[in-house]
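S.K.: Sending over a structure as structure tokens; questions will come in a sec.
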Amino acid sequence: MMNIDMRTRKSPMQKLDGRTKLIALSVIFVLVLLFSHPAYILALLGVVMVIWWSAKLPLQTIKDLFKYFLVIAVIILVVQIFFYPGQTELIRLSNPVPAIGFSGFITLEGILFGVAMVLRLVVIMIVAPLMVLTTPLPELMLALVKLKIPYRFAFIMTTALSLLPSIQSHAAIIQQAQLCRGITYDTAGKFFTKLRASVALLVPLILGSFRDSQTLEIAMSSRAFGAPVKRTFLLDSQFSKIDYLILAVTIAILVTGIVLRILGFGVY
Amino acid sequence: MSALVEFNNVTYTYARSTKPAIEDISFSIEPGEFVALIGPSGAGKSTLCYCFNGSIPQLFNGSMSGNLNIAGCDPFEDDIPVLAQHVGLVVQNARTQLFNVTVIQEVGFGCENLGLPRPVILERVKQALDFVGLSGLEEREPTALSGGQQQRLAIACVLAMDPEILVLDEPTSELDPIGAEQVMDVIARMNQELGKTILLVTHDMEFVTKYASRVMLLNDRRLIMDGTPQEIFSKVELLAQSRIRPPQVCEVAEGLRQLGYRLDPLPVTLDDMVQSLKVLRHG
Ligand SMILES: Nc1ncnc2c1ncn2[C@@H]1O[C@H](COP(=O)(O)OP(=O)(O)O)[C@@H](O)[C@H]1O
Ligand SMILES: [Mg+2]
């Protein structure tokens, strides 16, 4: 018979209800914004890494993500270290340069703030794929709907996610076709050559997805999308004991976090 | 009893177009008919298909005149989900109409939207997949299927909603011969076994003579011929004007006619031809 039961998977993360994951990961998101002390954020990063490991996801994915992030991280760090208006002077470099807002010395606050900022982004960058990589899109949509997000919105969001790979492969095909006609994407090329090539890629991509989106709209309404009745969901998912346990722990952590923050911990 | 589908003087002009894409179209279709819609590309065939379930005028900003009756519904008034229960529209490119992650989700999508009870949906999905020969692929990704399988899946998706009319826009144009045969077989069986009314857009005249009971020829936005395959394919010159090549059997038969052979009605399939020649020979 047809298998609609989604609870036949390997990693513990995949057995959880989508709602549990959405809620738990949102709490991490909130906590990471709540605290500004690098030590606290580092602790959260540890938690996230443990979750990643327990989800049996490859570390390579994280490495790939950070190849691009490294440059941004360095920029953020430099800007914060040099320009954060702190008090605790650590190293004096020069006289103040008011024209560019540089005080002339590096402060402890600047370093802490820069590091915290980078760590925050790291956590957020790991949390988002955690959700998507451990949750099939229909389950993600079901979770959103069960959390009272309107179906139409949930559908469009998850469908957009599911179309990403096809847009990527479409881009690859266009690039191939353009290579044949002499438009290059040579990384060593001049800035304007690259810019022109990117425009040459984007135009057919956007036109193509526009055309597709109209056919998609027709195809969707032809299958009664948006009918004014209560929709049935073939897929279903219930909270299990583990879901309740994790939700309880999550809420406890959130409350603890808020209390700590009110008492003045986790900031500097 | 009135016809299942009626078009009366229907004209549609897309937004930002100066001339209509279809003009002054009138015809009616009775329940159970198998109608082939032929014509050169750009003639307005897809546009006409969109009129069947209200996609035109409701999803486009163009202007429309005339009046229509589609299984008792009015595409000007009734919402597309209402029309979709009477008309299953399979649009020209099968890939773009598959957007779910599994075959079972894909086929269930329409019935889910209609809010049918879960057991009913499961039963309908099973029957539709059986009918198009895709049982066993329930958990597969639609985009991972072959072109012919995707096309049959797209048909199953609308079939599951149990419409009385199916409109299929060039379902075989991108398929290899075997894939195309399989798709055509599904369409023919929907007509014969399930009694569905079919409107099939195709460029394959062999399929037309093999399956259709009626042919409509659209050229340059107008309906210029409407009749049985015999009637249509004997008008060799009109067909040539529309850049349509009749099936080879018809060309041969028409040539024989002009040589004085009395072939009446015009044979449109090889079997017809053999039969007619036998009759001629034996008196
Ligand atoms: N979305 C659209 N907007 C404007 N014009 C269109 C649109 N779709 C089709 N047309 C025009 O309408 C005419 C008929 O097109 P179509 O119905 O797709 O023909 P066919 O399916 O027979 O090839 C063509 O001239 C085409 O350029
Ligand atoms: Mg067309």
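In the structure tokens, chains take letters A, B, ... by order of appearance, with residues numbered from 1 within each chain and ligands from 1 in the order shown.
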Neighbouring residues of ligand 1 are defined here as those with any atom at most 8 Å from a ligand atom, counting only C-alpha atoms and all ligand atoms; list them as a PyMOL selection string.
M.R.: chain B and resi 13-17+20-22+39-49+60+169+218+221
S.K.: Give me, as a PyMOL selection string, the contact residues of chain B against chain A at a cut-off of 9 Å, counting only C-alpha atoms.
M.R.: chain B and resi 50+53-55+59+79-85+87-93+96-101+104-105+108-118+121-122+126+136+138-139+157-158+161
S.K.: Please return, as a ChimeraX atom specification, all residues of stretch 22-225 of chain B that DSSP assigns to strand (DSSP E) on the basis of the backbone.
M.R.: /B:22-29,34-38,63-70,87-90,165-169,197-201,214-219,222-225
S.K.: What are the DSSP alpha helix (DSSP H) residues of stretch 4-210 of chain A, as a PDB file with C-alpha atoms, in the first residue's frame?
M.R.:
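File part_25.pdb, as written:
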ATOM      1  CA  PRO A  12      16.197  11.367  15.594  1.00  0.00           C
ATOM      2  CA  MET A  13      15.817  14.852  14.084  1.00  0.00           C
ATOM      3  CA  GLN A  14      13.809  13.458  11.201  1.00  0.00           C
ATOM      4  CA  LYS A  15      11.417  11.660  13.490  1.00  0.00           C
ATOM      5  CA  GLY A  18       7.963  19.712  12.066  1.00  0.00           C
ATOM      6  CA  ARG A  19       6.397  22.030  14.625  1.00  0.00           C
ATOM      7  CA  THR A  20       8.801  20.903  17.331  1.00  0.00           C
ATOM      8  CA  LYS A  21      11.755  21.668  15.110  1.00  0.00           C
ATOM      9  CA  LEU A  22      10.384  25.034  14.011  1.00  0.00           C
ATOM     10  CA  ILE A  23       9.724  26.071  17.596  1.00  0.00           C
ATOM     11  CA  ALA A  24      13.016  24.807  18.998  1.00  0.00           C
ATOM     12  CA  LEU A  25      15.055  26.399  16.251  1.00  0.00           C
ATOM     13  CA  SER A  26      13.159  29.687  16.587  1.00  0.00           C
ATOM     14  CA  VAL A  27      13.982  29.678  20.297  1.00  0.00           C
ATOM     15  CA  ILE A  28      17.671  29.318  19.481  1.00  0.00           C
ATOM     16  CA  PHE A  29      17.250  32.181  17.057  1.00  0.00           C
ATOM     17  CA  VAL A  30      15.665  34.351  19.759  1.00  0.00           C
ATOM     18  CA  LEU A  31      18.306  33.462  22.355  1.00  0.00           C
ATOM     19  CA  VAL A  32      21.135  34.273  20.013  1.00  0.00           C
ATOM     20  CA  LEU A  33      19.698  37.744  19.525  1.00  0.00           C
ATOM     21  CA  LEU A  34      18.873  38.122  23.235  1.00  0.00           C
ATOM     22  CA  PRO A  38      30.410  35.901  23.128  1.00  0.00           C
ATOM     23  CA  ALA A  39      30.602  33.166  25.778  1.00  0.00           C
ATOM     24  CA  TYR A  40      26.824  32.745  25.796  1.00  0.00           C
ATOM     25  CA  ILE A  41      26.630  32.719  22.038  1.00  0.00           C
ATOM     26  CA  LEU A  42      29.493  30.266  21.900  1.00  0.00           C
ATOM     27  CA  ALA A  43      27.488  27.999  24.202  1.00  0.00           C
ATOM     28  CA  LEU A  44      24.526  28.249  21.820  1.00  0.00           C
ATOM     29  CA  LEU A  45      26.837  27.436  18.943  1.00  0.00           C
ATOM     30  CA  GLY A  46      27.855  24.308  20.849  1.00  0.00           C
ATOM     31  CA  VAL A  47      24.203  23.325  21.214  1.00  0.00           C
ATOM     32  CA  VAL A  48      23.572  23.871  17.519  1.00  0.00           C
ATOM     33  CA  MET A  49      26.596  21.789  16.584  1.00  0.00           C
ATOM     34  CA  VAL A  50      25.376  18.957  18.805  1.00  0.00           C
ATOM     35  CA  ILE A  51      21.996  19.114  17.057  1.00  0.00           C
ATOM     36  CA  TRP A  52      23.735  19.087  13.681  1.00  0.00           C
ATOM     37  CA  TRP A  53      25.723  16.039  14.726  1.00  0.00           C
ATOM     38  CA  SER A  54      22.672  14.226  16.081  1.00  0.00           C
ATOM     39  CA  LEU A  59      30.069  18.539   8.312  1.00  0.00           C
ATOM     40  CA  GLN A  60      31.054  19.284   4.740  1.00  0.00           C
ATOM     41  CA  THR A  61      27.824  21.277   4.300  1.00  0.00           C
ATOM     42  CA  ILE A  62      28.927  23.627   7.071  1.00  0.00           C
ATOM     43  CA  LYS A  63      32.379  23.933   5.563  1.00  0.00           C
ATOM     44  CA  ASP A  64      30.859  24.810   2.191  1.00  0.00           C
ATOM     45  CA  LEU A  65      28.664  27.458   3.786  1.00  0.00           C
ATOM     46  CA  PHE A  66      31.679  29.043   5.441  1.00  0.00           C
ATOM     47  CA  LYS A  67      33.813  29.282   2.363  1.00  0.00           C
ATOM     48  CA  TYR A  68      31.683  32.244   1.354  1.00  0.00           C
ATOM     49  CA  PHE A  69      31.082  33.494   4.872  1.00  0.00           C
ATOM     50  CA  LEU A  70      34.738  33.893   5.782  1.00  0.00           C
ATOM     51  CA  VAL A  71      35.215  37.155   3.879  1.00  0.00           C
ATOM     52  CA  ILE A  72      32.074  38.654   5.390  1.00  0.00           C
ATOM     53  CA  ALA A  73      33.173  37.546   8.871  1.00  0.00           C
ATOM     54  CA  VAL A  74      36.550  39.238   8.489  1.00  0.00           C
ATOM     55  CA  ILE A  75      34.957  42.465   7.286  1.00  0.00           C
ATOM     56  CA  ILE A  76      32.488  42.514  10.168  1.00  0.00           C
ATOM     57  CA  LEU A  77      35.250  41.797  12.661  1.00  0.00           C
ATOM     58  CA  VAL A  78      37.538  44.545  11.326  1.00  0.00           C
ATOM     59  CA  VAL A  79      34.784  47.134  11.168  1.00  0.00           C
ATOM     60  CA  GLN A  80      33.575  46.409  14.709  1.00  0.00           C
ATOM     61  CA  ILE A  81      37.072  46.241  16.192  1.00  0.00           C
ATOM     62  CA  PHE A  82      38.083  49.555  14.736  1.00  0.00           C
ATOM     63  CA  PHE A  83      34.890  51.525  14.906  1.00  0.00           C
ATOM     64  CA  LEU A 108      37.725  45.404  24.582  1.00  0.00           C
ATOM     65  CA  GLU A 109      34.076  46.157  23.813  1.00  0.00           C
ATOM     66  CA  GLY A 110      34.844  46.433  20.125  1.00  0.00           C
ATOM     67  CA  ILE A 111      36.482  43.026  20.035  1.00  0.00           C
ATOM     68  CA  LEU A 112      33.728  41.407  22.096  1.00  0.00           C
ATOM     69  CA  PHE A 113      31.024  42.995  19.963  1.00  0.00           C
ATOM     70  CA  GLY A 114      32.695  41.969  16.697  1.00  0.00           C
ATOM     71  CA  VAL A 115      33.221  38.404  17.861  1.00  0.00           C
ATOM     72  CA  ALA A 116      29.640  38.178  19.166  1.00  0.00           C
ATOM     73  CA  MET A 117      28.287  39.492  15.884  1.00  0.00           C
ATOM     74  CA  VAL A 118      30.215  36.941  13.855  1.00  0.00           C
ATOM     75  CA  LEU A 119      29.234  34.098  16.190  1.00  0.00           C
ATOM     76  CA  ARG A 120      25.587  35.105  15.960  1.00  0.00           C
ATOM     77  CA  LEU A 121      25.676  34.948  12.196  1.00  0.00           C
ATOM     78  CA  VAL A 122      27.402  31.581  12.390  1.00  0.00           C
ATOM     79  CA  VAL A 123      24.644  30.181  14.602  1.00  0.00           C
ATOM     80  CA  ILE A 124      21.908  31.579  12.379  1.00  0.00           C
ATOM     81  CA  MET A 125      23.609  30.227   9.287  1.00  0.00           C
ATOM     82  CA  ILE A 126      23.664  26.747  10.760  1.00  0.00           C
ATOM     83  CA  VAL A 127      20.152  26.808  12.209  1.00  0.00           C
ATOM     84  CA  ALA A 128      18.348  27.635   8.944  1.00  0.00           C
ATOM     85  CA  PRO A 129      19.680  24.691   6.904  1.00  0.00           C
ATOM     86  CA  LEU A 130      19.118  22.407   9.910  1.00  0.00           C
ATOM     87  CA  MET A 131      15.400  22.906   9.463  1.00  0.00           C
ATOM     88  CA  VAL A 132      15.371  22.515   5.703  1.00  0.00           C
ATOM     89  CA  LEU A 133      17.769  19.576   5.551  1.00  0.00           C
ATOM     90  CA  THR A 134      15.971  17.463   8.135  1.00  0.00           C
ATOM     91  CA  LEU A 137       9.069  20.216   2.304  1.00  0.00           C
ATOM     92  CA  PRO A 138       5.535  18.784   2.681  1.00  0.00           C
ATOM     93  CA  GLU A 139       6.246  18.279   6.387  1.00  0.00           C
ATOM     94  CA  LEU A 140       7.578  21.793   6.681  1.00  0.00           C
ATOM     95  CA  MET A 141       4.422  23.067   5.039  1.00  0.00           C
ATOM     96  CA  LEU A 142       2.229  20.951   7.284  1.00  0.00           C
ATOM     97  CA  ALA A 143       4.082  22.303  10.332  1.00  0.00           C
ATOM     98  CA  LEU A 144       3.543  25.880   9.178  1.00  0.00           C
ATOM     99  CA  VAL A 145      -0.143  25.235   8.547  1.00  0.00           C
ATOM    100  CA  LYS A 146      -0.571  23.569  11.939  1.00  0.00           C
ATOM    101  CA  TYR A 151      -2.073  27.586   3.706  1.00  0.00           C
ATOM    102  CA  ARG A 152      -1.607  29.804   0.672  1.00  0.00           C
ATOM    103  CA  PHE A 153       1.400  31.512   2.240  1.00  0.00           C
ATOM    104  CA  ALA A 154       2.907  28.269   3.547  1.00  0.00           C
ATOM    105  CA  PHE A 155       2.497  26.676   0.126  1.00  0.00           C
ATOM    106  CA  ILE A 156       4.146  29.529  -1.714  1.00  0.00           C
ATOM    107  CA  MET A 157       7.067  29.589   0.721  1.00  0.00           C
ATOM    108  CA  THR A 158       7.779  25.884   0.541  1.00  0.00           C
ATOM    109  CA  THR A 159       7.230  25.743  -3.220  1.00  0.00           C
ATOM    110  CA  ALA A 160       9.720  28.560  -3.684  1.00  0.00           C
ATOM    111  CA  LEU A 161      12.219  26.507  -1.676  1.00  0.00           C
ATOM    112  CA  SER A 162      11.520  23.440  -3.786  1.00  0.00           C
ATOM    113  CA  LEU A 163      12.009  25.368  -7.019  1.00  0.00           C
ATOM    114  CA  LEU A 164      15.494  26.546  -6.023  1.00  0.00           C
ATOM    115  CA  PRO A 165      17.313  23.455  -7.346  1.00  0.00           C
ATOM    116  CA  SER A 166      15.428  23.659 -10.651  1.00  0.00           C
ATOM    117  CA  ILE A 167      16.305  27.352 -10.983  1.00  0.00           C
ATOM    118  CA  GLN A 168      19.920  26.433 -10.300  1.00  0.00           C
ATOM    119  CA  SER A 169      19.973  23.760 -12.986  1.00  0.00           C
ATOM    120  CA  HIS A 170      18.179  26.118 -15.352  1.00  0.00           C
ATOM    121  CA  ALA A 171      20.944  28.664 -14.717  1.00  0.00           C
ATOM    122  CA  ALA A 172      23.551  26.028 -15.513  1.00  0.00           C
ATOM    123  CA  ILE A 173      21.846  25.238 -18.825  1.00  0.00           C
ATOM    124  CA  ILE A 174      21.699  28.925 -19.789  1.00  0.00           C
ATOM    125  CA  GLN A 175      25.367  29.324 -18.870  1.00  0.00           C
ATOM    126  CA  GLN A 176      26.276  26.377 -21.071  1.00  0.00           C
ATOM    127  CA  ALA A 177      24.310  27.820 -23.964  1.00  0.00           C
ATOM    128  CA  GLN A 178      25.975  31.195 -23.503  1.00  0.00           C
ATOM    129  CA  LEU A 179      29.431  29.679 -23.239  1.00  0.00           C
ATOM    130  CA  CYS A 180      28.791  28.155 -26.638  1.00  0.00           C
ATOM    131  CA  PHE A 191      34.625  43.468 -13.463  1.00  0.00           C
ATOM    132  CA  PHE A 192      32.461  44.766 -16.302  1.00  0.00           C
ATOM    133  CA  THR A 193      32.833  41.601 -18.325  1.00  0.00           C
ATOM    134  CA  LYS A 194      31.620  39.675 -15.313  1.00  0.00           C
ATOM    135  CA  LEU A 195      28.784  42.122 -14.727  1.00  0.00           C
ATOM    136  CA  ARG A 196      27.676  41.826 -18.340  1.00  0.00           C
ATOM    137  CA  ALA A 197      27.794  38.054 -18.157  1.00  0.00           C
ATOM    138  CA  SER A 198      25.691  38.069 -14.980  1.00  0.00           C
ATOM    139  CA  VAL A 199      23.076  40.270 -16.602  1.00  0.00           C
ATOM    140  CA  ALA A 200      23.120  37.979 -19.616  1.00  0.00           C
ATOM    141  CA  LEU A 201      22.406  35.111 -17.222  1.00  0.00           C
ATOM    142  CA  LEU A 202      19.754  36.851 -15.149  1.00  0.00           C
ATOM    143  CA  VAL A 203      17.600  38.082 -18.010  1.00  0.00           C
ATOM    144  CA  PRO A 204      16.678  34.682 -19.474  1.00  0.00           C
ATOM    145  CA  LEU A 205      16.460  33.246 -15.968  1.00  0.00           C
ATOM    146  CA  ILE A 206      13.944  35.845 -14.832  1.00  0.00           C
ATOM    147  CA  LEU A 207      11.983  35.805 -18.090  1.00  0.00           C
ATOM    148  CA  GLY A 208      11.949  32.021 -17.937  1.00  0.00           C
ATOM    149  CA  SER A 209      10.725  31.847 -14.373  1.00  0.00           C
ATOM    150  CA  PHE A 210       8.131  34.504 -15.125  1.00  0.00           C
TER     151      PHE A 210
END
S.K.: For a quick check of understanding, using only C-alpha atoms and all ligand atoms, which of B:Asp24, B:Asp271, B:Glu193, B:Glu170 has the smallest distance to ligand 2?
M.R.: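 Using only C-alpha atoms and all ligand atoms, the shortest distance to ligand 2 belongs to B:Glu170.
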S.K.: How many Å lie between atom CA of B:Thr143 and atom CA of B:Gln127, rounded to one decimal?
M.R.: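 A separation of 21.3 Å between them.
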S.K.: When you look at B:Ser234 with a cut-off of 9 Å (counting only C-alpha atoms), what residues show up, excluding the ones that are within fewer than 6 positions of it in the same chain? I need them as a PyMOL selection string.
M.R.: chain B and resi 246+250-251+253-254+266
S.K.: Selection from above, N, CA and C atoms, as a PDB file, in the first residue's frame, can you write it?
M.R.:
ATOM      1  N   PRO B 246      -2.004  16.283 -44.154  1.00  0.00           N
ATOM      2  CA  PRO B 246      -2.906  15.195 -43.740  1.00  0.00           C
ATOM      3  C   PRO B 246      -2.127  13.891 -43.645  1.00  0.00           C
ATOM      4  N   CYS B 250      -4.481   9.545 -46.369  1.00  0.00           N
ATOM      5  CA  CYS B 250      -5.447  10.469 -46.959  1.00  0.00           C
ATOM      6  C   CYS B 250      -4.911  11.077 -48.244  1.00  0.00           C
ATOM      7  N   GLU B 251      -3.606  11.383 -48.226  1.00  0.00           N
ATOM      8  CA  GLU B 251      -3.015  11.958 -49.434  1.00  0.00           C
ATOM      9  C   GLU B 251      -3.107  10.973 -50.598  1.00  0.00           C
ATOM     10  N   ALA B 253      -5.202   8.463 -50.871  1.00  0.00           N
ATOM     11  CA  ALA B 253      -6.605   8.268 -51.220  1.00  0.00           C
ATOM     12  C   ALA B 253      -7.122   9.429 -52.062  1.00  0.00           C
ATOM     13  N   GLU B 254      -6.739  10.644 -51.677  1.00  0.00           N
ATOM     14  CA  GLU B 254      -7.186  11.813 -52.412  1.00  0.00           C
ATOM     15  C   GLU B 254      -6.632  11.772 -53.839  1.00  0.00           C
ATOM     16  N   LEU B 266     -13.834   9.048 -47.608  1.00  0.00           N
ATOM     17  CA  LEU B 266     -12.385   9.014 -47.709  1.00  0.00           C
ATOM     18  C   LEU B 266     -11.793   8.129 -46.620  1.00  0.00           C
TER      19      LEU B 266
END
S.K.: With only C-alpha atoms and all ligand atoms as the basis for distance, which of B:Gln192, B:Asn8, B:Gln275, B:Ser173 is at the shortest distance from ligand 2?
M.R.: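 Result for the nearest residue to ligand 2: B:Ser173.
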S.K.: Which of these residues is nearest to B:Val107, using only C-alpha atoms: B:Ala128, B:Val10, B:Met190, B:Val120?
M.R.: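 Ranked by minimum distance to B:Val107, first place goes to B:Ala128.
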S.K.: Tell me, as a ChimeraX atom specification, which residues lie within 12 Å of A:Ser94, counting only C-alpha atoms; anything in the same chain fewer than 4 positions away does not count.
M.R.: /A:82,98,102-106
S.K.: Would you mind telling me which residue in B:Thr202, B:Thr269, B:Thr18, B:Ser2 lies nearest to ligand 2 when using only C-alpha atoms and all ligand atoms?
M.R.: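 The closest residue to ligand 2 is B:Thr202.
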S.K.: Hey, which of B:Arg95, B:His282, B:His203, B:Arg222 ends up closest to ligand 2? Count only C-alpha atoms and all ligand atoms.
M.R.: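 Going through B:Arg95, B:His282, B:His203, B:Arg222 one by one, the smallest distance to ligand 2 is for B:His203.
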S.K.: Rounded to one decimal in Å, what is the spacing between atom CA of B:Thr102 and atom CA of B:Ala180?
M.R.: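 Taking atom CA of B:Thr102 and atom CA of B:Ala180, their separation equals 23.1 Å.
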